[in-house]
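Visitor: This one is input.cif, mmCIF, C-alpha atoms.
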```cif
data_start
loop_
_atom_site.group_PDB
_atom_site.id
_atom_site.type_symbol
_atom_site.label_atom_id
_atom_site.label_comp_id
_atom_site.auth_asym_id
_atom_site.auth_seq_id
_atom_site.Cartn_x
_atom_site.Cartn_y
_atom_site.Cartn_z
ATOM 1 C CA MET A 1 2.126 -24.813 30.457
ATOM 2 C CA VAL A 2 0.447 -24.396 27.113
ATOM 3 C CA PRO A 3 0.614 -27.248 24.582
ATOM 4 C CA LEU A 4 2.299 -26.462 21.302
ATOM 5 C CA SER A 5 -0.816 -27.436 19.361
ATOM 6 C CA TYR A 6 -2.743 -24.554 20.999
ATOM 7 C CA TYR A 7 -0.278 -22.060 19.593
ATOM 8 C CA LEU A 8 -0.417 -23.749 16.194
ATOM 9 C CA ALA A 9 -4.224 -23.710 16.291
ATOM 10 C CA LEU A 10 -4.240 -19.978 17.077
ATOM 11 C CA SER A 11 -1.787 -19.305 14.278
ATOM 12 C CA GLY A 12 -3.875 -21.429 11.907
ATOM 13 C CA ILE A 13 -7.045 -19.530 12.818
ATOM 14 C CA LEU A 14 -5.318 -16.206 12.208
ATOM 15 C CA PHE A 15 -3.957 -17.406 8.875
ATOM 16 C CA ALA A 16 -7.403 -18.697 7.851
ATOM 17 C CA CYS A 17 -8.978 -15.333 8.770
ATOM 18 C CA GLY A 18 -6.339 -13.641 6.636
ATOM 19 C CA VAL A 19 -7.050 -15.896 3.652
ATOM 20 C CA THR A 20 -10.808 -15.364 4.041
ATOM 21 C CA GLY A 21 -10.383 -11.594 4.197
ATOM 22 C CA PHE A 22 -8.124 -11.680 1.166
ATOM 23 C CA LEU A 23 -10.804 -13.507 -0.785
ATOM 24 C CA ILE A 24 -14.027 -11.819 0.349
ATOM 25 C CA LYS A 25 -12.966 -8.209 0.895
ATOM 26 C CA ARG A 26 -13.401 -5.711 -1.899
ATOM 27 C CA ASN A 27 -11.473 -2.772 -0.490
ATOM 28 C CA ILE A 28 -7.844 -2.906 -1.604
ATOM 29 C CA ILE A 29 -6.550 -1.542 1.730
ATOM 30 C CA THR A 30 -8.456 -4.191 3.706
ATOM 31 C CA ILE A 31 -7.057 -6.880 1.398
ATOM 32 C CA PHE A 32 -3.606 -5.563 2.216
ATOM 33 C CA MET A 33 -4.371 -5.754 5.942
ATOM 34 C CA SER A 34 -5.462 -9.377 5.495
ATOM 35 C CA ILE A 35 -1.981 -10.129 4.120
ATOM 36 C CA GLU A 36 -0.475 -8.611 7.263
ATOM 37 C CA LEU A 37 -2.780 -10.822 9.326
ATOM 38 C CA MET A 38 -1.481 -13.903 7.503
ATOM 39 C CA LEU A 39 2.115 -12.849 8.154
ATOM 40 C CA ASN A 40 1.295 -12.429 11.841
ATOM 41 C CA GLY A 41 -0.157 -15.929 12.028
ATOM 42 C CA VAL A 42 3.005 -17.377 10.490
ATOM 43 C CA ASN A 43 5.156 -15.367 12.921
ATOM 44 C CA LEU A 44 3.331 -16.887 15.881
ATOM 45 C CA SER A 45 4.037 -20.407 14.674
ATOM 46 C CA PHE A 46 7.707 -19.474 14.136
ATOM 47 C CA VAL A 47 8.049 -18.267 17.722
ATOM 48 C CA ALA A 48 6.122 -21.266 19.113
ATOM 49 C CA PHE A 49 8.393 -23.726 17.307
ATOM 50 C CA ALA A 50 11.453 -21.762 18.402
ATOM 51 C CA ALA A 51 10.319 -22.099 22.017
ATOM 52 C CA GLN A 52 9.587 -25.774 21.470
ATOM 53 C CA TRP A 53 13.058 -26.629 20.147
ATOM 54 C CA GLY A 54 14.837 -24.174 22.421
ATOM 55 C CA THR A 55 16.579 -22.347 19.591
ATOM 56 C CA LEU A 56 16.661 -18.641 18.845
ATOM 57 C CA LYS A 57 16.809 -18.933 15.076
ATOM 58 C CA GLY A 58 13.037 -18.896 14.785
ATOM 59 C CA GLN A 59 12.985 -15.468 16.403
ATOM 60 C CA ILE A 60 15.585 -14.224 13.931
ATOM 61 C CA PHE A 61 13.319 -15.397 11.116
ATOM 62 C CA VAL A 62 10.412 -13.503 12.650
ATOM 63 C CA PHE A 63 12.624 -10.436 12.599
ATOM 64 C CA PHE A 64 13.288 -10.917 8.888
ATOM 65 C CA VAL A 65 9.602 -11.523 8.172
ATOM 66 C CA MET A 66 8.822 -8.219 9.893
ATOM 67 C CA VAL A 67 11.426 -6.415 7.790
ATOM 68 C CA VAL A 68 9.947 -7.850 4.604
ATOM 69 C CA ALA A 69 6.441 -6.925 5.795
ATOM 70 C CA ALA A 70 7.537 -3.345 6.427
ATOM 71 C CA ALA A 71 9.091 -3.052 2.975
ATOM 72 C CA GLU A 72 6.012 -4.637 1.418
ATOM 73 C CA ALA A 73 3.683 -2.253 3.248
ATOM 74 C CA ALA A 74 5.651 0.787 2.073
ATOM 75 C CA VAL A 75 5.724 -0.260 -1.584
ATOM 76 C CA GLY A 76 2.177 -1.650 -1.587
ATOM 77 C CA LEU A 77 0.636 1.460 -0.084
ATOM 78 C CA ALA A 78 2.516 3.584 -2.616
ATOM 79 C CA ILE A 79 1.015 1.422 -5.379
ATOM 80 C CA ILE A 80 -2.443 1.878 -3.805
ATOM 81 C CA ILE A 81 -1.967 5.654 -3.841
ATOM 82 C CA ALA A 82 -0.894 5.511 -7.498
ATOM 83 C CA VAL A 83 -3.912 3.349 -8.410
ATOM 84 C CA TYR A 84 -6.308 5.659 -6.547
ATOM 85 C CA ARG A 85 -4.851 8.685 -8.292
ATOM 86 C CA THR A 86 -5.573 7.294 -11.732
ATOM 87 C CA ARG A 87 -8.735 5.185 -11.202
ATOM 88 C CA GLU A 88 -10.299 7.176 -8.316
ATOM 89 C CA THR A 89 -11.549 4.035 -6.589
ATOM 90 C CA LEU A 90 -10.370 1.537 -4.000
ATOM 91 C CA ASN A 91 -12.695 -1.243 -5.112
ATOM 92 C CA VAL A 92 -10.677 -4.056 -6.664
ATOM 93 C CA ASP A 93 -13.565 -4.985 -8.948
ATOM 94 C CA ARG A 94 -13.156 -1.665 -10.706
ATOM 95 C CA VAL A 95 -9.409 -1.991 -11.049
ATOM 96 C CA ASN A 96 -9.537 -4.468 -13.891
ATOM 97 C CA LEU A 97 -6.999 -3.126 -16.360
ATOM 98 C CA LEU A 98 -3.265 -3.693 -16.214
ATOM 99 C CA LYS A 99 -2.541 -0.211 -17.518
ATOM 100 C CA LEU A 100 -3.015 2.633 -15.077
ATOM 101 C CA MET B 1 -2.029 -22.636 34.971
ATOM 102 C CA LEU B 2 -1.781 -18.865 34.935
ATOM 103 C CA HIS B 3 -0.015 -19.061 31.601
ATOM 104 C CA LEU B 4 -2.824 -21.141 30.130
ATOM 105 C CA ILE B 5 -5.436 -18.662 31.365
ATOM 106 C CA LEU B 6 -3.495 -15.723 29.939
ATOM 107 C CA PHE B 7 -3.000 -17.595 26.667
ATOM 108 C CA LEU B 8 -6.724 -18.291 26.383
ATOM 109 C CA ILE B 9 -7.754 -14.718 27.226
ATOM 110 C CA PHE B 10 -5.385 -13.080 24.758
ATOM 111 C CA GLY B 11 -5.964 -15.773 22.155
ATOM 112 C CA ALA B 12 -9.681 -15.042 22.354
ATOM 113 C CA ILE B 13 -9.012 -11.298 21.978
ATOM 114 C CA CYS B 14 -6.787 -12.089 19.018
ATOM 115 C CA VAL B 15 -9.404 -14.198 17.231
ATOM 116 C CA ALA B 16 -12.121 -11.663 18.027
ATOM 117 C CA GLY B 17 -10.007 -8.903 16.469
ATOM 118 C CA ALA B 18 -9.332 -11.008 13.376
ATOM 119 C CA VAL B 19 -13.037 -11.788 12.930
ATOM 120 C CA ASN B 20 -13.907 -8.131 13.504
ATOM 121 C CA LEU B 21 -11.460 -7.220 10.733
ATOM 122 C CA LEU B 22 -13.515 -9.369 8.368
ATOM 123 C CA VAL B 23 -16.914 -8.121 9.546
ATOM 124 C CA GLN B 24 -16.281 -4.374 9.579
ATOM 125 C CA ARG B 25 -16.976 -2.535 6.358
ATOM 126 C CA HIS B 26 -15.052 0.656 6.934
ATOM 127 C CA PRO B 27 -11.283 0.201 6.478
ATOM 128 C CA ILE B 28 -10.415 2.348 9.505
ATOM 129 C CA ASN B 29 -12.353 -0.057 11.765
ATOM 130 C CA SER B 30 -10.525 -2.972 10.187
ATOM 131 C CA ALA B 31 -7.197 -1.230 10.795
ATOM 132 C CA LEU B 32 -7.981 -0.613 14.467
ATOM 133 C CA SER B 33 -9.013 -4.238 15.004
ATOM 134 C CA LEU B 34 -5.775 -5.343 13.323
ATOM 135 C CA ILE B 35 -3.920 -3.252 15.921
ATOM 136 C CA VAL B 36 -5.795 -5.189 18.632
ATOM 137 C CA VAL B 37 -4.690 -8.466 17.020
ATOM 138 C CA MET B 38 -1.070 -7.339 16.930
ATOM 139 C CA GLY B 39 -1.103 -6.125 20.522
ATOM 140 C CA SER B 40 -2.493 -9.369 21.852
ATOM 141 C CA LEU B 41 -0.021 -11.336 19.716
ATOM 142 C CA ALA B 42 2.751 -9.378 21.446
ATOM 143 C CA VAL B 43 1.417 -10.698 24.766
ATOM 144 C CA GLU B 44 1.510 -14.243 23.346
ATOM 145 C CA TYR B 45 5.142 -13.716 22.404
ATOM 146 C CA LEU B 46 5.857 -12.534 25.942
ATOM 147 C CA LEU B 47 4.219 -15.711 27.275
ATOM 148 C CA LEU B 48 6.595 -17.721 25.083
ATOM 149 C CA GLY B 49 9.535 -15.787 26.520
ATOM 150 C CA ALA B 50 10.360 -13.947 23.310
ATOM 151 C CA GLU B 51 10.783 -10.468 24.764
ATOM 152 C CA PHE B 52 12.649 -9.037 21.804
ATOM 153 C CA VAL B 53 10.049 -10.206 19.302
ATOM 154 C CA ALA B 54 7.250 -8.835 21.477
ATOM 155 C CA ALA B 55 8.907 -5.415 21.655
ATOM 156 C CA VAL B 56 9.602 -5.380 17.912
ATOM 157 C CA GLN B 57 6.017 -6.467 17.249
ATOM 158 C CA VAL B 58 4.651 -3.491 19.155
ATOM 159 C CA ILE B 59 7.161 -0.988 17.757
ATOM 160 C CA ILE B 60 7.259 -2.032 14.094
ATOM 161 C CA TYR B 61 3.907 -3.699 13.444
ATOM 162 C CA ALA B 62 1.496 -1.921 15.765
ATOM 163 C CA GLY B 63 3.525 1.272 15.570
ATOM 164 C CA ALA B 64 5.095 1.874 12.196
ATOM 165 C CA ILE B 65 3.192 -0.304 9.733
ATOM 166 C CA MET B 66 -0.275 0.368 11.128
ATOM 167 C CA VAL B 67 0.379 4.104 11.306
ATOM 168 C CA LEU B 68 1.259 3.902 7.617
ATOM 169 C CA PHE B 69 -2.030 2.099 6.940
ATOM 170 C CA VAL B 70 -4.129 4.584 8.911
ATOM 171 C CA PHE B 71 -2.294 7.437 7.235
ATOM 172 C CA VAL B 72 -3.076 6.090 3.765
ATOM 173 C CA ILE B 73 -6.730 5.477 4.716
ATOM 174 C CA MET B 74 -7.047 9.089 5.831
ATOM 175 C CA LEU B 75 -5.101 10.402 2.833
ATOM 176 C CA LEU B 76 -7.336 8.620 0.319
ATOM 177 C CA ASN B 77 -10.487 9.377 2.330
ATOM 178 C CA ALA B 78 -11.557 5.750 2.008
ATOM 179 C CA GLY B 79 -15.252 5.218 2.599
ATOM 180 C CA GLU B 80 -17.250 2.104 3.334
ATOM 181 C CA GLU B 81 -16.618 -0.642 0.872
ATOM 182 C CA GLU B 82 -19.383 -1.451 -1.534
ATOM 183 C CA ARG B 83 -20.449 -5.062 -1.569
ATOM 184 C CA THR B 84 -20.550 -6.674 -4.944
ATOM 185 C CA ARG B 85 -22.053 -10.047 -5.592
ATOM 186 C CA GLY B 86 -19.409 -12.747 -5.598
ATOM 187 C CA SER B 87 -19.294 -15.334 -8.319
ATOM 188 C CA ARG B 88 -21.289 -18.523 -7.813
ATOM 189 C CA VAL B 89 -18.344 -20.683 -8.786
ATOM 190 C CA ALA B 90 -16.424 -19.261 -5.838
ATOM 191 C CA LEU B 91 -19.274 -20.192 -3.484
ATOM 192 C CA LEU B 92 -19.604 -23.630 -5.053
ATOM 193 C CA PHE B 93 -15.951 -24.523 -4.666
ATOM 194 C CA GLY B 94 -14.926 -22.168 -1.871
ATOM 195 C CA ILE B 95 -17.096 -23.448 0.975
ATOM 196 C CA PRO B 96 -16.320 -27.182 0.472
ATOM 197 C CA GLY B 97 -12.671 -26.301 -0.035
ATOM 198 C CA MET B 98 -12.594 -24.276 3.179
ATOM 199 C CA LEU B 99 -14.305 -27.084 5.106
ATOM 200 C CA ALA B 100 -11.894 -29.672 3.721
ATOM 201 C CA GLY B 101 -8.918 -27.458 4.539
ATOM 202 C CA SER B 102 -9.991 -26.804 8.123
ATOM 203 C CA VAL B 103 -10.770 -30.486 8.737
ATOM 204 C CA LEU B 104 -7.358 -31.455 7.341
ATOM 205 C CA MET B 105 -5.609 -28.840 9.461
ATOM 206 C CA GLY B 106 -7.441 -29.874 12.616
ATOM 207 C CA TRP B 107 -6.625 -33.535 11.984
ATOM 208 C CA VAL B 108 -2.935 -32.793 11.434
ATOM 209 C CA LEU B 109 -2.790 -30.650 14.562
ATOM 210 C CA LEU B 110 -4.492 -33.249 16.725
ATOM 211 C CA GLU B 111 -2.742 -36.327 15.375
ATOM 212 C CA HIS B 112 0.722 -35.322 14.343
ATOM 213 C CA SER B 113 1.865 -32.409 16.457
ATOM 214 C CA GLY B 114 3.424 -33.017 19.802
ATOM 215 C CA THR B 115 1.106 -32.396 22.664
ATOM 216 C CA GLU B 116 3.989 -31.775 25.020
ATOM 217 C CA ALA B 117 3.687 -28.403 26.644
ATOM 218 C CA VAL B 118 5.830 -25.469 25.661
ATOM 219 C CA PRO B 119 7.463 -24.333 28.862
ATOM 220 C CA ALA B 120 6.509 -20.724 29.414
ATOM 221 C CA GLY B 121 9.405 -18.333 29.295
ATOM 222 C CA ALA B 122 11.868 -21.166 28.671
ATOM 223 C CA LEU B 123 13.334 -19.490 25.648
ATOM 224 C CA PRO B 124 16.565 -17.657 26.420
ATOM 225 C CA GLY B 125 15.688 -14.675 24.299
ATOM 226 C CA PRO B 126 17.427 -11.592 25.667
ATOM 227 C CA PRO B 127 18.221 -9.007 22.984
ATOM 228 C CA LYS B 128 21.949 -9.450 23.609
ATOM 229 C CA ILE B 129 22.029 -13.015 22.262
ATOM 230 C CA ILE B 130 19.722 -12.114 19.389
ATOM 231 C CA GLY B 131 22.004 -9.243 18.434
ATOM 232 C CA TRP B 132 25.013 -11.574 18.577
ATOM 233 C CA LEU B 133 23.239 -14.072 16.310
ATOM 234 C CA LEU B 134 22.207 -11.324 13.890
ATOM 235 C CA PHE B 135 25.742 -10.031 13.490
ATOM 236 C CA HIS B 136 27.493 -13.404 13.349
ATOM 237 C CA ASP B 137 25.384 -16.250 11.944
ATOM 238 C CA PHE B 138 22.945 -14.071 10.034
ATOM 239 C CA LEU B 139 25.205 -11.243 8.948
ATOM 240 C CA LEU B 140 24.644 -11.706 5.199
ATOM 241 C CA PRO B 141 20.794 -11.823 5.409
ATOM 242 C CA PHE B 142 20.906 -8.822 7.715
ATOM 243 C CA GLU B 143 22.903 -6.770 5.214
ATOM 244 C CA VAL B 144 20.675 -7.957 2.360
ATOM 245 C CA THR B 145 17.595 -6.747 4.246
ATOM 246 C CA SER B 146 19.173 -3.311 4.566
ATOM 247 C CA VAL B 147 19.501 -3.210 0.769
ATOM 248 C CA LEU B 148 15.876 -4.391 0.528
ATOM 249 C CA ILE B 149 14.708 -1.551 2.777
ATOM 250 C CA LEU B 150 16.647 0.941 0.672
ATOM 251 C CA ILE B 151 15.009 -0.373 -2.505
ATOM 252 C CA ALA B 152 11.580 -0.221 -0.809
ATOM 253 C CA ILE B 153 12.131 3.413 0.196
ATOM 254 C CA MET B 154 13.133 4.419 -3.322
ATOM 255 C CA GLY B 155 10.279 2.411 -4.849
ATOM 256 C CA ALA B 156 7.721 4.000 -2.536
ATOM 257 C CA VAL B 157 8.964 7.504 -3.348
ATOM 258 C CA VAL B 158 8.948 6.842 -7.101
ATOM 259 C CA LEU B 159 5.503 5.199 -7.083
ATOM 260 C CA ALA B 160 3.784 7.729 -4.872
ATOM 261 C CA SER B 161 5.179 10.855 -6.511
ATOM 262 C CA ARG B 162 2.936 12.592 -9.016
ATOM 263 C CA PRO B 163 4.038 12.152 -12.642
ATOM 264 C CA GLU B 164 3.434 15.836 -13.379
ATOM 265 C CA SER B 165 5.733 17.018 -10.608
ATOM 266 C CA VAL B 166 8.534 14.790 -11.940
ATOM 267 C CA GLN B 167 8.160 16.299 -15.401
ATOM 268 C CA GLN B 168 8.120 19.801 -13.944
ATOM 269 C CA THR B 169 11.377 19.278 -12.098
ATOM 270 C CA LYS B 170 12.893 17.877 -15.294
ATOM 271 C CA LYS B 171 11.898 21.003 -17.232
ATOM 272 C CA GLU B 172 13.238 23.279 -14.544
ATOM 273 C CA GLY B 173 16.484 21.359 -14.246
#
```
Output the structure of this file as structure tokens.
Guide:
Amino acid sequence: MVPLSYYLALSGILFACGVTGFLIKRNIITIFMSIELMLNGVNLSFVAFAAQWGTLKGQIFVFFVMVVAAAEAAVGLAIIIAVYRTRETLNVDRVNLLKL
Amino acid sequence: MLHLILFLIFGAICVAGAVNLLVQRHPINSALSLIVVMGSLAVEYLLLGAEFVAAVQVIIYAGAIMVLFVFVIMLLNAGEEERTRGSRVALLFGIPGMLAGSVLMGWVLLEHSGTEAVPAGALPGPPKIIGWLLFHDFLLPFEVTSVLILIAIMGAVVLASRPESVQQTKKEG
């Protein structure tokens, strides 16, 4: 028997790690992975609450979050490839113009 | 008791992977530690009784999405990231803000969330019921996500294709 707050604490730690990575990392791919980490933390809290209330709808929402994450990863990585092709760098400090 | 031990072990692996993602400087190491995080999260889902979510987590997240990431890292030949000096304003406001946020979150978790235990495996989550829910109660969102995936595919192809090759095909056609 694991208390609900343990699951929420784990999900909060994962989300905080994601936010920290998003802020301190300079590589655009690692920043993207930090976003995935945040989504994973939210998914864990969805499933924990679903188990707590005994409903399956939380799991359905996790499914939709995963679909959105997959679509986001596909489009985002394509944008990263386009940025690298024109600017020849992955450092976000050097990608400081809106035009390509 | 066994559930608590398993939760603690895989939770520790999860947090260690997340911290390793932040510490590593090469993106491929970060990607591999993110795979560790996702794998141990799948075990946490299994402990909660969400078999379908655990399977989808391994197949889609650890499988498809992370393969895409590793593929892009290899394609772009990404090296170690160069550290640049952060702004002092960020340090000045970021560290107190982070401390305040974590204290607030810990207080809310300890004071306001139920401490009653989540029964392990209590969730009736066989894929059959989830499929029924998806195609009855959530039919419209399900169909909308299929349109979203289609748009994402077309967007990825358009964004990642070289501009020159598009012009060439136009000239030829």
Visitor: Go through the shown structure with the PyMOL selection byres ((chain A and resi 58-61) around 9) and write out the matching residues as a ChimeraX atom specification.
Guide: /A:43,46-51,55-57,62-66 /B:50,52-53,125,130,133-134,138
Visitor: Could you tell me, as a PyMOL selection string, exactly which residues end up selected when the PyMOL selection byres ((chain A and resi 32) around 12) is applied to this structure?
Guide: (chain A and resi 18-19+21-23+25-31+33-39+69+72-77+79-80+90+92) or (chain B and resi 21+27+30-31+34+65-66+68-69+72-73)
Visitor: Determine the nearest neighbour of Tyr6 (chain A) from the options B:Ile35, B:Val157, B:Leu110, B:Val70, counting all atoms listed in the file.
Guide: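 Selected residue with least distance to Tyr6 (chain A): B:Leu110.
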Visitor: Taking all atoms listed in the file into account, which of A:Leu4, A:Arg87, A:Ser11, A:Thr20 comes nearest Gly97 (chain B)?
Guide: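 Of the candidates, the smallest distance to Gly97 (chain B) is held by A:Thr20.
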Visitor: For each of B:Phe10, B:Leu148, B:Leu4, B:Arg25, take the minimum atom-to-atom distance to Ala78 (chain B), counting all atoms listed in the file, then give the residue where this is smallest.
Guide: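 Closest to Ala78 (chain B) of all the choices is B:Arg25.
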Visitor: Measuring between all atoms listed in the file, which one of B:Ser146, B:Glu111, B:Glu51, B:Leu104 shows the shortest distance to Lys128 (chain B)?
Guide: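 Using all atoms listed in the file, the shortest distance to Lys128 (chain B) belongs to B:Glu51.
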Visitor: Which is closer to chain A than all the others in B:Ala55, B:Leu46, B:Ala18, B:Val67, using all atoms listed in the file?
Guide: B:Ala18
Visitor: Considering only C-alpha atoms, can you say which of A:Ala82, A:Leu8, A:Ile13, A:Val2 comes closest to Val15 (chain B)?
Guide: A:Ile13
Visitor: So the first atom is CA of Ile149 (chain B) and the second is CA of Ala62 (chain B); what is the distance between them in Å, to one decimal place?
Guide: 18.5 Å
